[in-house]
Amino acid sequence: MADTALMDKLVSLAKRRGFVFQSSEIYGGVGSVWDYGPLGVELKNNLKERWWRSMVHERDDIEGIDAAILMHSEVWEASGHVSGFTDPLVDCKTCKNRFRSDDARIKGEPGQPDAQCPVCGNKGTLTEPRMFNLMFKTFMGPVEDDASVVYLRPETAQGIYVNYLNVMQAARQKIPFGIAQIGKAFRNEITPGNFTFRTREFEQMEMQFFVKPGDDDRWFDEWRELRMQWHKDLGITPEKLRFHQHAADELAHYAKDGFDIEYQFPFGWQEFEGIHNRTDYDLSRHQECSGKKLGYVDTVNNERYVPYIVETSLGADRLALVAMVDAYREEEISGDKRVVMAFSPQISRINVGVLPLVKEDGMPEFARRIYDDVRLQYPAFYDAGGAIGRRYRRQDEVGTPYGVTVDGQTLDDNTVTVRDRDTLEQDRVGVDQLLAYLAERLGE
Ligand code: GAP
């Protein structure tokens with residue numbers, strides 16, 4: 001059953017501590033669009049950087065690009081999004097709300113007299129389902145006519161396909177090879193919700209791997225396993241991860257096979273990454289519609305073919321949500337309740353909090369010097385405000401694994417206390433040993 005209370009608590013913590021804010025909040029907010037605060041942007045950037053490092057920097061066979069959001073409108077005709085990227089919707093003629101026709105809250109069949117609107121409760125007011133395109137549409141230049149229509153991209157993948165020959169030639173790659181990209185995508189989702197899970201503006205981390213037809217099944221299996229392992233290595237609870245293979249009626253219009261990687265959210269098992277075998281659908285369509293040859297010439301084996309594409313498509317916002325949900329714990333320790341974001345060291349970007357306990361005797365300045373040394377090595381924050389109990393609570397809620405306290409004893413023996421967020425154990429460590437102590441636990 002959906003644990004809405006838990007999601008409510010997470011949304012409230014995310015706002016209180018500066019992970020995620022509702023967009024345009026002072027105007028009452030805008031539907032399913034979110035802004036990342038100081039900690040949220042660090043979290044998301046950390047996840048994006050890790051993905052980029054593992055995809056692009058640690059492999060010789062993948063190149064990166066950053067394609068524009070706005071593309072020629074024919075791209076979306078060729079990709080099938082203009083005709084096929086649609087949801088069946090029904091409107092209530094009384095309350096004017098709009099629903100997906102398969103919305104579980106609708107009683108009866110939309111369009112029929114007994115169908116009941118889930119919002120106003122009226123019967124017979126729901127229209128027959130009509131197809132609604134999910135792409136945001138706008139106009140390029142000063143004239144608002146059909147010739148100037150452009151779309152906000154609903155996936156980053158197409159920017160890779162139309163550049164595949166450019167990249168291959170410029171980077172002197174040969175098949176098999178891949179192209180990776182991180183960027184914004186937009187979908188006018190009709191049933192958005194569950195915080196940042198389904199939003200209208202989001203970020204994707206997509207990698208398209210170009211292979212010889214016939215080698216696609218092998219590469220598909222390989223990427224499926226690599227991607228699952230990547231999430232486990234990130235420290236996500238393995239028991240909360242699973243694959244879901246798409247049945248024939250779930251497959252996207254371009255796919256021969258598809259697996260989702262799902263996480264067990266408080267609102268159920270849901271996809272956060274998709275691995276798809278897109279065959280030669282995209283390149284063949286772009287070849288047909290642009291009139292440009294997009295085939296690959298294998299000069300060694302004297303072969304010519306349109307490559308197949310194995311895609312890995314991960315939502316940066318959904319991954320950040322997985323990281324937050326997975327880290328959230330409510331604990332009771334010796335009668336005291338605490339909320340802790342138990343991020344793994346790979347996920348937590350801010351690793352050390354430095355907390356001066358005493359305001360006199362040059363202690364804050366001393367603590368500040370420690371903070372300056374630590375932050376050269378590890379992302380850190382300095383927190384001098386309020387009672388120490390409250391500062392520890394803040395440290396727990398933002399998920400900082402180690403808190404360094406500069407206290408009365410520091411001046412006497414040049415030591416500080418290091419508090420472990422998870423075990424709550426406190427070690428006294430010589431200031432000259434602090435970096436080595438942290439390195440042992442956080443890595444160099
Ligand atoms: N290029 C393939 C593609 O876009 P998708 O399954 O539609 O496939 C891939 O999307 C990933 O993008 C999803 O697994 C999810 O993480 C993210 N995503 C898609 N729609 C989203 C939305 N409305 N809000 C947040 N993330 C979304």
# chains A, B, ... in the order shown; residues from 1 in each chain; ligands from 1
call {"tool": "select_by_dssp", "arguments": {"residues": "region 255-402 of chain A", "states": "strand (DSSP E)", "output": "PyMOL selection string"}}
result
chain A and resi 257-265+268-279+296-298+303-305+308-315+328-333+336-341+352-356+380-382+402
call {"tool": "write_last_selection", "arguments": {"atoms": "C-alpha atoms", "output": "PDB file, in the first residue's frame"}}
result
ATOM      1  CA  ASP A 257      12.826  -5.421 -26.141  1.00  0.00           C
ATOM      2  CA  GLY A 258      12.803  -3.329 -22.991  1.00  0.00           C
ATOM      3  CA  PHE A 259      13.664  -3.735 -19.333  1.00  0.00           C
ATOM      4  CA  ASP A 260      12.931  -1.241 -16.591  1.00  0.00           C
ATOM      5  CA  ILE A 261      15.033  -1.012 -13.502  1.00  0.00           C
ATOM      6  CA  GLU A 262      12.492  -0.481 -10.737  1.00  0.00           C
ATOM      7  CA  TYR A 263      12.818   0.746  -7.177  1.00  0.00           C
ATOM      8  CA  GLN A 264      10.410  -0.015  -4.353  1.00  0.00           C
ATOM      9  CA  PHE A 265       9.170   3.506  -3.594  1.00  0.00           C
ATOM     10  CA  GLY A 268       5.057   0.979  -5.014  1.00  0.00           C
ATOM     11  CA  TRP A 269       7.549  -0.526  -7.456  1.00  0.00           C
ATOM     12  CA  GLN A 270       8.251   2.026 -10.186  1.00  0.00           C
ATOM     13  CA  GLU A 271      10.673   2.462 -13.065  1.00  0.00           C
ATOM     14  CA  PHE A 272      13.581   4.875 -12.798  1.00  0.00           C
ATOM     15  CA  GLU A 273      15.774   3.610 -15.651  1.00  0.00           C
ATOM     16  CA  GLY A 274      14.883   1.958 -18.953  1.00  0.00           C
ATOM     17  CA  ILE A 275      17.104  -0.220 -21.144  1.00  0.00           C
ATOM     18  CA  HIS A 276      15.722  -0.558 -24.650  1.00  0.00           C
ATOM     19  CA  ASN A 277      16.698  -2.359 -27.817  1.00  0.00           C
ATOM     20  CA  ARG A 278      15.600   0.308 -30.320  1.00  0.00           C
ATOM     21  CA  THR A 279      16.785  -1.718 -33.344  1.00  0.00           C
ATOM     22  CA  TYR A 296      27.786   2.527 -41.371  1.00  0.00           C
ATOM     23  CA  VAL A 297      30.535   1.258 -43.640  1.00  0.00           C
ATOM     24  CA  ASP A 298      32.679  -1.463 -42.086  1.00  0.00           C
ATOM     25  CA  GLU A 303      29.927  -4.546 -44.919  1.00  0.00           C
ATOM     26  CA  ARG A 304      27.380  -1.750 -44.909  1.00  0.00           C
ATOM     27  CA  TYR A 305      24.441  -1.556 -42.512  1.00  0.00           C
ATOM     28  CA  TYR A 308      21.039  -1.075 -34.123  1.00  0.00           C
ATOM     29  CA  ILE A 309      20.815   0.962 -30.942  1.00  0.00           C
ATOM     30  CA  VAL A 310      20.804  -0.244 -27.356  1.00  0.00           C
ATOM     31  CA  GLU A 311      19.689   2.592 -25.112  1.00  0.00           C
ATOM     32  CA  THR A 312      20.095   3.145 -21.386  1.00  0.00           C
ATOM     33  CA  SER A 313      17.840   5.964 -20.181  1.00  0.00           C
ATOM     34  CA  LEU A 314      18.003   7.114 -16.568  1.00  0.00           C
ATOM     35  CA  GLY A 315      16.070  10.004 -15.026  1.00  0.00           C
ATOM     36  CA  TYR A 328      15.399   8.261   4.818  1.00  0.00           C
ATOM     37  CA  ARG A 329      15.271   6.661   8.309  1.00  0.00           C
ATOM     38  CA  GLU A 330      13.320   7.398  11.438  1.00  0.00           C
ATOM     39  CA  GLU A 331      15.046   6.015  14.504  1.00  0.00           C
ATOM     40  CA  GLU A 332      14.598   5.968  18.239  1.00  0.00           C
ATOM     41  CA  ILE A 333      17.801   6.040  20.240  1.00  0.00           C
ATOM     42  CA  ASP A 336      15.042  10.129  21.516  1.00  0.00           C
ATOM     43  CA  LYS A 337      13.567  10.207  18.026  1.00  0.00           C
ATOM     44  CA  ARG A 338      15.715  11.282  15.130  1.00  0.00           C
ATOM     45  CA  VAL A 339      15.379  11.502  11.367  1.00  0.00           C
ATOM     46  CA  VAL A 340      18.502  10.665   9.447  1.00  0.00           C
ATOM     47  CA  MET A 341      19.329  10.705   5.767  1.00  0.00           C
ATOM     48  CA  VAL A 352      31.877  16.605   6.770  1.00  0.00           C
ATOM     49  CA  GLY A 353      30.245  19.164   9.056  1.00  0.00           C
ATOM     50  CA  VAL A 354      32.502  21.292  11.253  1.00  0.00           C
ATOM     51  CA  LEU A 355      30.781  22.487  14.422  1.00  0.00           C
ATOM     52  CA  PRO A 356      32.514  24.803  16.926  1.00  0.00           C
ATOM     53  CA  ALA A 380      32.106  20.236   3.934  1.00  0.00           C
ATOM     54  CA  PHE A 381      29.898  22.733   5.721  1.00  0.00           C
ATOM     55  CA  TYR A 382      30.473  24.974   8.721  1.00  0.00           C
ATOM     56  CA  TYR A 402      30.852  12.920   9.840  1.00  0.00           C
TER      57      TYR A 402
END
call {"tool": "select_by_dssp", "arguments": {"residues": "region 155-234 of chain A", "states": "helix (DSSP H, G or I)", "output": "number ranges by chain"}}
result
A: 157-161, 164-171, 216-233
call {"tool": "write_last_selection", "arguments": {"atoms": "C-alpha atoms", "output": "compact mmCIF listing (two decimals), in the first residue's frame"}}
result
# COMPACT_ATOMS: atom_id res chain seq x y z
CA ALA A 157 17.98 10.60 -27.33
CA GLN A 158 17.11 12.27 -30.65
CA GLY A 159 19.90 14.82 -30.27
CA ILE A 160 22.28 11.86 -30.21
CA TYR A 161 20.82 10.12 -33.27
CA TYR A 164 25.82 10.08 -34.58
CA LEU A 165 27.83 10.48 -37.80
CA ASN A 166 29.35 13.78 -36.61
CA VAL A 167 30.49 12.19 -33.37
CA MET A 168 31.74 8.99 -34.96
CA GLN A 169 33.84 10.88 -37.47
CA ALA A 170 35.11 13.58 -35.11
CA ALA A 171 36.03 11.13 -32.35
CA ASP A 216 22.17 -6.27 -30.39
CA ASP A 217 20.84 -8.99 -28.08
CA ARG A 218 24.29 -9.57 -26.57
CA TRP A 219 24.84 -5.84 -25.99
CA PHE A 220 21.33 -5.45 -24.62
CA ASP A 221 22.02 -8.16 -21.99
CA GLU A 222 25.38 -6.62 -21.17
CA TRP A 223 24.01 -3.11 -20.66
CA ARG A 224 21.10 -4.37 -18.62
CA GLU A 225 23.48 -6.05 -16.15
CA LEU A 226 25.94 -3.14 -16.10
CA ARG A 227 23.23 -0.65 -15.29
CA MET A 228 21.79 -2.70 -12.43
CA GLN A 229 25.28 -3.18 -10.97
CA TRP A 230 25.90 0.58 -11.20
CA HIS A 231 22.93 1.29 -8.93
CA LYS A 232 24.06 -1.37 -6.46
CA ASP A 233 27.58 0.10 -6.42
call {"tool": "closest_residue", "arguments": {"among": "A:Asp8, A:Glu206, A:Asp91, A:Asp114", "to": "ligand 1", "atoms": "only C-alpha atoms and all ligand atoms"}}
result
A:Glu206
call {"tool": "closest_residue", "arguments": {"among": "A:Gln204, A:Asn133, A:Ser24, A:Ser348", "to": "ligand 1", "atoms": "only C-alpha atoms and all ligand atoms"}}
result
A:Gln204
call {"tool": "residues_around", "arguments": {"residues": "Val75 (chain A)", "least_positions_apart": "5", "cutoff": "12 Å", "atoms": "only C-alpha atoms", "output": "NGL selection string"}}
result
:A and (69-70 or 80-82 or 149-163 or 282-283 or 285-290)
call {"tool": "closest_residue", "arguments": {"among": "A:Tyr254, A:Trp76, A:Trp52, A:Phe139", "to": "ligand 1", "atoms": "only C-alpha atoms and all ligand atoms"}}
result
A:Tyr254
call {"tool": "residues_around", "arguments": {"residues": "region 93-104 of chain A", "least_positions_apart": "5", "cutoff": "6 Å", "atoms": "only C-alpha atoms", "output": "list in words"}}
result
Pro88, Thr125 and Pro129 of chain A
